[in-house]
>>> print(open('upload_27.cif').read())   # mmCIF, N, CA and C atoms
data_input
#
loop_
_atom_site.label_atom_id
_atom_site.label_comp_id
_atom_site.auth_asym_id
_atom_site.auth_seq_id
_atom_site.Cartn_x
_atom_site.Cartn_y
_atom_site.Cartn_z
N MET A 1 103.24 95.65 102.70
CA MET A 1 104.27 96.37 103.41
C MET A 1 105.29 95.36 103.93
N LYS A 2 106.54 95.66 103.75
CA LYS A 2 107.59 94.75 104.19
C LYS A 2 107.89 94.94 105.67
N ALA A 3 108.51 93.93 106.27
CA ALA A 3 108.78 93.95 107.70
C ALA A 3 109.68 95.11 108.10
N LYS A 4 110.68 95.42 107.27
CA LYS A 4 111.58 96.53 107.64
C LYS A 4 110.85 97.87 107.60
N ASP A 5 109.87 97.99 106.70
CA ASP A 5 109.07 99.21 106.65
C ASP A 5 108.17 99.32 107.88
N ILE A 6 107.64 98.19 108.31
CA ILE A 6 106.78 98.18 109.49
C ILE A 6 107.59 98.51 110.74
N ARG A 7 108.80 97.99 110.82
CA ARG A 7 109.66 98.26 111.98
C ARG A 7 110.04 99.74 112.07
N ALA A 8 110.05 100.42 110.95
CA ALA A 8 110.42 101.84 110.93
C ALA A 8 109.29 102.74 111.45
N LEU A 9 108.09 102.21 111.56
CA LEU A 9 106.95 103.00 112.02
C LEU A 9 107.03 103.22 113.53
N SER A 10 106.45 104.33 113.97
CA SER A 10 106.36 104.56 115.42
C SER A 10 105.22 103.71 115.97
N ASP A 11 105.10 103.67 117.29
CA ASP A 11 104.07 102.85 117.92
C ASP A 11 102.67 103.31 117.54
N GLN A 12 102.45 104.62 117.53
CA GLN A 12 101.13 105.14 117.17
C GLN A 12 100.79 104.84 115.71
N GLU A 13 101.77 105.01 114.83
CA GLU A 13 101.55 104.71 113.42
C GLU A 13 101.25 103.24 113.21
N LEU A 14 101.96 102.40 113.94
CA LEU A 14 101.76 100.96 113.83
C LEU A 14 100.36 100.58 114.31
N ASP A 15 99.94 101.16 115.42
CA ASP A 15 98.59 100.89 115.93
C ASP A 15 97.52 101.32 114.92
N SER A 16 97.70 102.49 114.31
CA SER A 16 96.71 102.96 113.35
C SER A 16 96.69 102.08 112.09
N LYS A 17 97.87 101.61 111.67
CA LYS A 17 97.94 100.72 110.51
C LYS A 17 97.23 99.40 110.80
N ILE A 18 97.39 98.88 112.02
CA ILE A 18 96.73 97.64 112.40
C ILE A 18 95.22 97.81 112.35
N VAL A 19 94.73 98.93 112.88
CA VAL A 19 93.29 99.20 112.86
C VAL A 19 92.79 99.31 111.41
N GLU A 20 93.54 99.99 110.56
CA GLU A 20 93.16 100.13 109.15
C GLU A 20 93.06 98.77 108.47
N GLU A 21 94.07 97.93 108.71
CA GLU A 21 94.09 96.62 108.07
C GLU A 21 92.96 95.73 108.58
N LYS A 22 92.63 95.83 109.87
CA LYS A 22 91.53 95.05 110.41
C LYS A 22 90.20 95.50 109.82
N GLU A 23 90.04 96.80 109.62
CA GLU A 23 88.83 97.31 108.98
C GLU A 23 88.74 96.84 107.53
N LYS A 24 89.88 96.86 106.87
CA LYS A 24 89.95 96.39 105.48
C LYS A 24 89.57 94.90 105.41
N LEU A 25 90.06 94.11 106.36
CA LEU A 25 89.75 92.69 106.41
C LEU A 25 88.26 92.47 106.63
N PHE A 26 87.67 93.25 107.52
CA PHE A 26 86.23 93.15 107.79
C PHE A 26 85.42 93.43 106.52
N LYS A 27 85.81 94.49 105.81
CA LYS A 27 85.09 94.85 104.59
C LYS A 27 85.23 93.75 103.53
N GLN A 28 86.43 93.17 103.45
CA GLN A 28 86.65 92.10 102.47
C GLN A 28 85.81 90.88 102.81
N LYS A 29 85.70 90.56 104.09
CA LYS A 29 84.88 89.42 104.50
C LYS A 29 83.40 89.68 104.20
N MET A 30 82.95 90.91 104.41
CA MET A 30 81.56 91.25 104.10
C MET A 30 81.31 91.14 102.60
N GLN A 31 82.23 91.62 101.80
CA GLN A 31 82.08 91.52 100.35
C GLN A 31 82.03 90.07 99.90
N LYS A 32 82.85 89.23 100.54
CA LYS A 32 82.85 87.81 100.20
C LYS A 32 81.49 87.18 100.52
N SER A 33 80.94 87.51 101.69
CA SER A 33 79.67 86.93 102.08
C SER A 33 78.51 87.40 101.19
N LEU A 34 78.66 88.59 100.63
CA LEU A 34 77.63 89.11 99.73
C LEU A 34 77.85 88.68 98.28
N GLY A 35 78.97 88.02 98.04
CA GLY A 35 79.27 87.56 96.69
C GLY A 35 79.85 88.62 95.79
N GLN A 36 80.36 89.68 96.36
CA GLN A 36 80.92 90.78 95.57
C GLN A 36 82.43 90.68 95.41
N GLN A 37 83.06 89.80 96.16
CA GLN A 37 84.53 89.69 96.16
C GLN A 37 84.98 88.83 94.99
N ASP A 38 85.83 89.35 94.12
CA ASP A 38 86.35 88.60 92.98
C ASP A 38 87.62 87.84 93.36
N ASP A 39 88.55 88.53 93.97
CA ASP A 39 89.84 87.94 94.32
C ASP A 39 89.82 87.49 95.78
N LEU A 40 89.63 86.19 96.01
CA LEU A 40 89.51 85.67 97.37
C LEU A 40 90.85 85.62 98.10
N HIS A 41 91.94 85.76 97.38
CA HIS A 41 93.26 85.73 98.01
C HIS A 41 93.57 87.02 98.75
N LYS A 42 92.80 88.06 98.50
CA LYS A 42 93.01 89.33 99.21
C LYS A 42 92.81 89.16 100.71
N ILE A 43 91.86 88.33 101.09
CA ILE A 43 91.57 88.11 102.51
C ILE A 43 92.77 87.48 103.20
N SER A 44 93.35 86.45 102.60
CA SER A 44 94.49 85.79 103.23
C SER A 44 95.71 86.71 103.27
N ARG A 45 95.88 87.53 102.23
CA ARG A 45 97.00 88.48 102.24
C ARG A 45 96.83 89.52 103.34
N THR A 46 95.61 89.98 103.53
CA THR A 46 95.34 90.97 104.58
C THR A 46 95.54 90.36 105.96
N LYS A 47 95.12 89.11 106.14
CA LYS A 47 95.33 88.42 107.42
C LYS A 47 96.82 88.32 107.74
N ARG A 48 97.61 87.96 106.73
CA ARG A 48 99.05 87.86 106.93
C ARG A 48 99.67 89.20 107.29
N GLU A 49 99.18 90.25 106.66
CA GLU A 49 99.68 91.60 106.92
C GLU A 49 99.40 92.00 108.37
N VAL A 50 98.18 91.72 108.85
CA VAL A 50 97.83 92.03 110.23
C VAL A 50 98.71 91.23 111.18
N ALA A 51 98.89 89.95 110.88
CA ALA A 51 99.72 89.09 111.74
C ALA A 51 101.17 89.59 111.78
N ARG A 52 101.68 90.02 110.63
CA ARG A 52 103.05 90.54 110.57
C ARG A 52 103.18 91.79 111.44
N MET A 53 102.19 92.68 111.35
CA MET A 53 102.23 93.91 112.15
C MET A 53 102.14 93.61 113.64
N LEU A 54 101.27 92.68 114.01
CA LEU A 54 101.12 92.34 115.43
C LEU A 54 102.39 91.69 115.97
N THR A 55 103.03 90.86 115.16
CA THR A 55 104.27 90.22 115.57
C THR A 55 105.35 91.26 115.84
N ILE A 56 105.49 92.21 114.94
CA ILE A 56 106.50 93.26 115.11
C ILE A 56 106.17 94.13 116.31
N LYS A 57 104.89 94.39 116.53
CA LYS A 57 104.47 95.18 117.70
C LYS A 57 104.87 94.46 118.99
N HIS A 58 104.66 93.15 119.04
CA HIS A 58 105.03 92.38 120.23
C HIS A 58 106.55 92.31 120.40
N GLU A 59 107.28 92.25 119.28
CA GLU A 59 108.73 92.28 119.35
C GLU A 59 109.23 93.59 119.96
N LYS A 60 108.65 94.69 119.50
CA LYS A 60 109.04 96.00 120.02
C LYS A 60 108.73 96.10 121.52
N ARG A 61 107.58 95.58 121.91
CA ARG A 61 107.16 95.64 123.31
C ARG A 61 108.12 94.83 124.19
N SER A 62 108.53 93.66 123.72
CA SER A 62 109.42 92.82 124.52
C SER A 62 110.83 93.41 124.60
N LYS A 63 111.26 94.13 123.55
CA LYS A 63 112.57 94.79 123.58
C LYS A 63 112.59 95.92 124.60
N ASN A 64 111.48 96.68 124.67
CA ASN A 64 111.42 97.83 125.55
C ASN A 64 111.19 97.45 127.00
N GLY A 65 110.77 96.25 127.23
CA GLY A 65 110.62 95.81 128.62
C GLY A 65 109.27 95.62 129.02
#
>>> encode(input="upload_27.cif", output="structure tokens")
Amino acid sequence: MKAKDIRALSDQELDSKIVEEKEKLFKQKMQKSLGQQDDLHKISRTKREVARMLTIKHEKRSKNG
């Protein structure tokens, strides 16, 4: 998801997306530990996605006061 798409989300939608991505990251880490994960770059991409969403959430919070 691109930054402009994330910025277009409401606060509740953004929070739910963050929770979804964190759950996805947890599942990917579990698959890696069990040896079921083929593409190890998925974990780093998911981490970056979560970080991008959290950054935009903090930006919105600082703008609103």
>>> closest_residue(input="upload_27.cif", among="A:Arg52, A:Lys32, A:Lys24, A:Lys42", to="Ile6 in chain A", atoms="all atoms listed in the file")
A:Arg52
>>> atom_distance(input="upload_27.cif", atom1="CA of Ala3 in chain A", atom2="CA of Phe26 in chain A")
22.6 Å
>>> residues_around(input="upload_27.cif", residues="Arg7 in chain A", least_positions_apart="2", cutoff="8 Å", atoms="only N, CA and C atoms", output="list in words")
Lys2, Ala3, Lys4, Asp5, Leu9, Ser10, Met53, Ile56 and Lys57 of chain A
>>> select_by_dssp(input="upload_27.cif", residues="chain A", states="alpha helix (DSSP H)", output="PyMOL selection string")
chain A and resi 3-7+11-34+41-64
>>> atom_distance(input="upload_27.cif", atom1="CA of Asp11 in chain A", atom2="CA of Lys60 in chain A")
8.7 Å
>>> atom_distance(input="upload_27.cif", atom1="atom N of Val19 in chain A", atom2="atom C of His58 in chain A")
15.5 Å
>>> residues_near_point(input="upload_27.cif", point="(94.3, 95.5, 106.3)", cutoff="12 Å", atoms="only C-alpha atoms", output="PyMOL selection string")
chain A and resi 1+14-29+42-54
